[in-house]
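Inspection log for the structure reproduced underneath, given as structure tokens.
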Amino acid sequence: MKKLSLILLSLCLAITCWAQPRETDVFKTKSGKDVKITCIKHASIMMEYDGKVIYFDPVINVKPYTDYTTFPKANFIFVTHEHQDHFDSMALTELKRNFTTIYVNHNVYENWGSGHVMKNGDKAQVDDHITVEAVPAYNTTPEHMKFHPKGRDNGYILTIEDLRIYVAGDTEDIPEMENIKDIDIAFLPCNQPYTMTIEQLVKAAKTIKPKVLFPYHYSDTPIRKATMLLGGSGIDVRIRKYQ
């Protein structure tokens, strides 16, 4: 009976994952190579460049459930912080191999027991043509500061050749965004009470001025309102299934 239940659970998981089409956007570097960015869900992102596979915050058990056995193994994984919708040891175990480097904040290191620790302001040479900078991600609304206190969590700016990609993590429209420049692609979160309101997202986008904006981590927020409010800004707002 137990074996049958496990089989049925696996079948349901497979059907759930199969039913979720993967949305991929393709960008070009200065050398003409493709950077493919695939929406997995919520805060989980996959990027592919020059045979390398990069993940941000891969998790399994945030709905829709993700079967990472159907995904390529990781060369690099970035984890912004230790909340269960961003850090999942099962997903990391499934995706990592001997060649995988995992970049984490201090608290994820404490929980996972492994990883290359980065704090706000740290920079690293990830690969020959890839660098990363850890940037602040935190709440500023007084009653929300307990969720993401200043100095604990990371956002990441990934530079692939000349292409600069900002994955903000869980944050509000913090003052440090004034220093985030020349961003080609930005992932900004939008859900209450944990991250930004739509109005904060719009303010953050106008501050950073990315060429392309992917609102993410938006749950049941009416996210298309952001597209309307950013009309005429010159920012290409792309809505993908990042609930």
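Letters A, B, ... mark the chains of the structure tokens in the order given; residue numbers begin at 1 per chain; ligand numbers begin at 1, in order shown.
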
Could you name the residues that touch A:Ile54 at 6 Å or less, counting only C-alpha atoms, but leaving out those on the same chain fewer than 3 positions away, as a list in words?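 With the cut-off at 6 Å, the set is Met46, Met47, Ala74, Phe76 and Ile77 of chain A.
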
Leaving out A:Leu230 and any residue of its chain fewer than 5 positions from it, which residues lie within 8 Å of it when counting only C-alpha atoms, given as a short mmCIF file (atom, residue, chain, number, x, y, z; two decimals) with N, CA, C and O atoms, in the first residue's frame?
```cif
data_model
loop_
_atom_site.label_atom_id
_atom_site.label_comp_id
_atom_site.auth_asym_id
_atom_site.auth_seq_id
_atom_site.Cartn_x
_atom_site.Cartn_y
_atom_site.Cartn_z
N VAL A 202 7.42 49.84 -9.05
CA VAL A 202 7.52 50.85 -10.11
C VAL A 202 8.61 51.87 -9.77
O VAL A 202 9.43 52.23 -10.63
N ILE A 235 11.04 50.92 -20.30
CA ILE A 235 11.40 49.62 -19.72
C ILE A 235 10.49 48.55 -20.33
O ILE A 235 9.26 48.69 -20.33
N VAL A 237 8.67 45.52 -19.85
CA VAL A 237 8.17 44.72 -18.73
C VAL A 237 7.62 43.39 -19.27
O VAL A 237 6.72 43.39 -20.09
#
```

Can you work out which one of A:Lys52, A:His116, A:Arg224, A:Arg164 has the shortest atom-to-atom distance to A:Val79, counting only C-alpha atoms?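 When distances to A:Val79 are compared using only C-alpha atoms, the smallest one comes from A:His116.
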
Can you list every residue of stretch 42-135 of chain A that has an atom at most 12 Å from stretch 21-28 of chain A, with its nearest atom pair and the distance in Å to one decimal, using only C-alpha atoms, ordered by chain then number, as JSON lines?
```
{"residue": "A:Ser44", "atom": "CA", "partner": "A:Arg22", "partner_atom": "CA", "distance": 11.7}
{"residue": "A:Ile45", "atom": "CA", "partner": "A:Thr24", "partner_atom": "CA", "distance": 10.0}
{"residue": "A:Met46", "atom": "CA", "partner": "A:Thr24", "partner_atom": "CA", "distance": 9.1}
{"residue": "A:Met47", "atom": "CA", "partner": "A:Thr24", "partner_atom": "CA", "distance": 9.2}
{"residue": "A:Glu48", "atom": "CA", "partner": "A:Val26", "partner_atom": "CA", "distance": 9.4}
{"residue": "A:Tyr49", "atom": "CA", "partner": "A:Lys28", "partner_atom": "CA", "distance": 9.8}
{"residue": "A:Asp50", "atom": "CA", "partner": "A:Lys28", "partner_atom": "CA", "distance": 11.3}
{"residue": "A:Pro64", "atom": "CA", "partner": "A:Pro21", "partner_atom": "CA", "distance": 11.2}
{"residue": "A:Thr66", "atom": "CA", "partner": "A:Arg22", "partner_atom": "CA", "distance": 11.2}
{"residue": "A:Thr70", "atom": "CA", "partner": "A:Arg22", "partner_atom": "CA", "distance": 11.7}
{"residue": "A:Phe71", "atom": "CA", "partner": "A:Arg22", "partner_atom": "CA", "distance": 11.0}
```

From a DSSP calculation on the backbone, collect every residue of stretch 46-161 of chain A in helix (DSSP H, G or I) and output the set as a PyMOL selection string. chain A and resi 68-70+89-95+106-112+142-144

I'd like to know which residues of stretch 36-230 of chain A are strand (DSSP E or B) (by DSSP, run on the backbone); could you write them as a PyMOL selection string? chain A and resi 36-41+44-49+52-56+76-78+101-104+116-117+123-127+130-137+153-160+163-167+185-189+212-216

Give me, as a compact mmCIF listing (two decimals) with N, CA, C and O atoms, in the first residue's frame, all polymer residues having an atom no more than 10 Å from A:Ser233, counting only C-alpha atoms and skipping those fewer than 5 positions away in the same chain.
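Contents of selection22.txt, as written:
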```txt
# COMPACT_ATOMS: atom_id res chain seq x y z
N VAL A 202 7.42 49.84 -9.05
CA VAL A 202 7.52 50.85 -10.11
C VAL A 202 8.61 51.87 -9.77
O VAL A 202 9.43 52.23 -10.63
N ALA A 205 11.99 50.21 -10.26
CA ALA A 205 12.30 50.06 -11.68
C ALA A 205 12.74 51.39 -12.29
O ALA A 205 13.70 51.44 -13.07
N LYS A 206 12.08 52.47 -11.91
CA LYS A 206 12.45 53.79 -12.45
C LYS A 206 13.79 54.27 -11.89
O LYS A 206 14.48 55.06 -12.52
N LYS A 209 16.32 51.54 -13.76
CA LYS A 209 16.21 51.72 -15.21
C LYS A 209 16.77 50.53 -16.01
O LYS A 209 17.62 50.70 -16.90
N LYS A 211 16.80 47.63 -18.88
CA LYS A 211 16.21 47.56 -20.21
C LYS A 211 15.01 46.62 -20.20
O LYS A 211 13.99 46.89 -20.86
N THR A 227 2.85 46.88 -15.43
CA THR A 227 3.08 47.17 -16.85
C THR A 227 2.43 48.49 -17.23
O THR A 227 3.03 49.32 -17.94
```

Selection: 9 Å around A:His148, only C-alpha atoms, excl. self and same-chain fewer than 2 positions, as a JSON list (two decimals) with all heavy atoms, in the first residue's frame:
```json
[["chain", "number", "residue", "atom", "x", "y", "z"],
["A", 137, "ALA", "N", 19.55, 43.35, 0.33],
["A", 137, "ALA", "CA", 18.14, 43.02, 0.12],
["A", 137, "ALA", "C", 17.49, 42.98, 1.50],
["A", 137, "ALA", "O", 17.85, 42.14, 2.32],
["A", 137, "ALA", "CB", 18.01, 41.67, -0.59],
["A", 138, "TYR", "N", 16.56, 43.90, 1.75],
["A", 138, "TYR", "CA", 15.97, 43.96, 3.08],
["A", 138, "TYR", "C", 14.67, 44.77, 3.07],
["A", 138, "TYR", "O", 14.36, 45.49, 2.12],
["A", 138, "TYR", "CB", 16.95, 44.55, 4.09],
["A", 138, "TYR", "CG", 17.41, 45.97, 3.81],
["A", 138, "TYR", "CD1", 16.76, 47.07, 4.38],
["A", 138, "TYR", "CD2", 18.52, 46.22, 3.01],
["A", 138, "TYR", "CE1", 17.19, 48.37, 4.15],
["A", 138, "TYR", "CE2", 18.96, 47.52, 2.77],
["A", 138, "TYR", "CZ", 18.29, 48.59, 3.33],
["A", 138, "TYR", "OH", 18.72, 49.88, 3.10],
["A", 139, "ASN", "N", 13.92, 44.63, 4.14],
["A", 139, "ASN", "CA", 12.69, 45.40, 4.33],
["A", 139, "ASN", "C", 12.98, 46.72, 5.02],
["A", 139, "ASN", "O", 13.86, 46.82, 5.87],
["A", 139, "ASN", "CB", 11.68, 44.62, 5.18],
["A", 139, "ASN", "CG", 11.03, 43.47, 4.44],
["A", 139, "ASN", "OD1", 11.27, 42.31, 4.77],
["A", 139, "ASN", "ND2", 10.22, 43.77, 3.44],
["A", 140, "THR", "N", 12.20, 47.74, 4.64],
["A", 140, "THR", "CA", 12.31, 49.05, 5.27],
["A", 140, "THR", "C", 11.04, 49.46, 6.02],
["A", 140, "THR", "O", 11.08, 50.32, 6.89],
["A", 140, "THR", "CB", 12.62, 50.13, 4.22],
["A", 140, "THR", "OG1", 11.63, 50.08, 3.18],
["A", 140, "THR", "CG2", 14.00, 49.92, 3.61],
["A", 144, "HIS", "N", 7.51, 45.22, 8.81],
["A", 144, "HIS", "CA", 7.95, 44.12, 7.95],
["A", 144, "HIS", "C", 9.44, 43.80, 8.10],
["A", 144, "HIS", "O", 9.91, 42.82, 7.53],
["A", 144, "HIS", "CB", 7.68, 44.46, 6.48],
["A", 144, "HIS", "CG", 6.24, 44.68, 6.17],
["A", 144, "HIS", "ND1", 5.81, 45.29, 5.00],
["A", 144, "HIS", "CD2", 5.11, 44.38, 6.86],
["A", 144, "HIS", "CE1", 4.48, 45.36, 5.00],
["A", 144, "HIS", "NE2", 4.04, 44.83, 6.13],
["A", 145, "MET", "N", 10.16, 44.60, 8.86],
["A", 145, "MET", "CA", 11.61, 44.42, 8.94],
["A", 145, "MET", "C", 12.01, 43.09, 9.55],
["A", 145, "MET", "O", 13.11, 42.59, 9.31],
["A", 145, "MET", "CB", 12.21, 45.58, 9.73],
["A", 145, "MET", "CG", 12.16, 46.91, 8.97],
["A", 145, "MET", "SD", 12.57, 48.36, 9.96],
["A", 145, "MET", "CE", 14.30, 48.07, 10.31],
["A", 146, "LYS", "N", 11.11, 42.47, 10.30],
["A", 146, "LYS", "CA", 11.41, 41.15, 10.89],
["A", 146, "LYS", "C", 11.57, 40.08, 9.82],
["A", 146, "LYS", "O", 12.22, 39.06, 10.05],
["A", 146, "LYS", "CB", 10.29, 40.75, 11.85],
["A", 146, "LYS", "CG", 8.92, 40.64, 11.18],
["A", 146, "LYS", "CD", 7.81, 40.38, 12.17],
["A", 146, "LYS", "CE", 6.45, 40.36, 11.47],
["A", 146, "LYS", "NZ", 5.34, 40.20, 12.43],
["A", 150, "LYS", "N", 18.09, 44.14, 7.58],
["A", 150, "LYS", "CA", 19.21, 44.70, 6.82],
["A", 150, "LYS", "C", 20.50, 43.96, 7.13],
["A", 150, "LYS", "O", 20.82, 43.70, 8.30],
["A", 150, "LYS", "CB", 19.35, 46.19, 7.11],
["A", 150, "LYS", "CG", 20.40, 46.89, 6.27],
["A", 150, "LYS", "CD", 20.41, 48.38, 6.53],
["A", 150, "LYS", "CE", 21.43, 49.10, 5.65],
["A", 150, "LYS", "NZ", 21.42, 50.56, 5.88],
["A", 151, "GLY", "N", 21.26, 43.63, 6.10],
["A", 151, "GLY", "CA", 22.57, 43.01, 6.26],
["A", 151, "GLY", "C", 22.60, 41.51, 6.25],
["A", 151, "GLY", "O", 23.68, 40.91, 6.18],
["A", 152, "ARG", "N", 21.45, 40.86, 6.30],
["A", 152, "ARG", "CA", 21.42, 39.39, 6.36],
["A", 152, "ARG", "C", 21.39, 38.74, 4.99],
["A", 152, "ARG", "O", 22.12, 37.78, 4.71],
["A", 152, "ARG", "CB", 20.20, 38.93, 7.18],
["A", 152, "ARG", "CG", 20.18, 37.43, 7.46],
["A", 152, "ARG", "CD", 18.82, 36.99, 7.98],
["A", 152, "ARG", "NE", 17.78, 37.08, 6.95],
["A", 152, "ARG", "CZ", 16.49, 36.85, 7.18],
["A", 152, "ARG", "NH1", 16.08, 36.54, 8.41],
["A", 152, "ARG", "NH2", 15.61, 36.94, 6.20],
["A", 153, "ASP", "N", 20.52, 39.25, 4.10],
["A", 153, "ASP", "CA", 20.22, 38.58, 2.83],
["A", 153, "ASP", "C", 20.95, 39.24, 1.66],
["A", 153, "ASP", "O", 21.40, 40.38, 1.75],
["A", 153, "ASP", "CB", 18.72, 38.58, 2.56],
["A", 153, "ASP", "CG", 17.92, 37.98, 3.71],
["A", 153, "ASP", "OD1", 18.51, 37.25, 4.54],
["A", 153, "ASP", "OD2", 16.70, 38.24, 3.77],
["A", 170, "ASP", "N", 14.56, 39.06, -1.85],
["A", 170, "ASP", "CA", 13.42, 39.62, -1.12],
["A", 170, "ASP", "C", 13.82, 40.98, -0.54],
["A", 170, "ASP", "O", 14.60, 41.06, 0.41],
["A", 170, "ASP", "CB", 12.98, 38.67, -0.01],
["A", 170, "ASP", "CG", 12.13, 37.54, -0.53],
["A", 170, "ASP", "OD1", 11.98, 37.41, -1.76],
["A", 170, "ASP", "OD2", 11.62, 36.75, 0.29],
["A", 171, "THR", "N", 13.26, 42.03, -1.12],
["A", 171, "THR", "CA", 13.65, 43.37, -0.73],
["A", 171, "THR", "C", 12.53, 44.36, -0.99],
["A", 171, "THR", "O", 11.60, 44.08, -1.75],
["A", 171, "THR", "CB", 14.92, 43.80, -1.51],
["A", 171, "THR", "OG1", 15.40, 45.04, -0.99],
["A", 171, "THR", "CG2", 14.63, 43.97, -3.00],
["A", 194, "TYR", "N", 5.88, 40.72, 2.39],
["A", 194, "TYR", "CA", 7.28, 40.30, 2.43],
["A", 194, "TYR", "C", 8.23, 41.16, 1.58],
["A", 194, "TYR", "O", 9.39, 41.33, 1.94],
["A", 194, "TYR", "CB", 7.40, 38.84, 2.01],
["A", 194, "TYR", "CG", 6.52, 37.94, 2.84],
["A", 194, "TYR", "CD1", 5.35, 37.39, 2.31],
["A", 194, "TYR", "CD2", 6.84, 37.68, 4.17],
["A", 194, "TYR", "CE1", 4.53, 36.58, 3.08],
["A", 194, "TYR", "CE2", 6.02, 36.87, 4.96],
["A", 194, "TYR", "CZ", 4.86, 36.34, 4.40],
["A", 194, "TYR", "OH", 4.04, 35.55, 5.17],
["A", 195, "THR", "N", 7.75, 41.65, 0.44],
["A", 195, "THR", "CA", 8.64, 42.42, -0.43],
["A", 195, "THR", "C", 7.98, 43.75, -0.79],
["A", 195, "THR", "O", 7.53, 44.47, 0.08],
["A", 195, "THR", "CB", 9.02, 41.60, -1.68],
["A", 195, "THR", "OG1", 7.86, 41.37, -2.50],
["A", 195, "THR", "CG2", 9.64, 40.26, -1.30]]
```
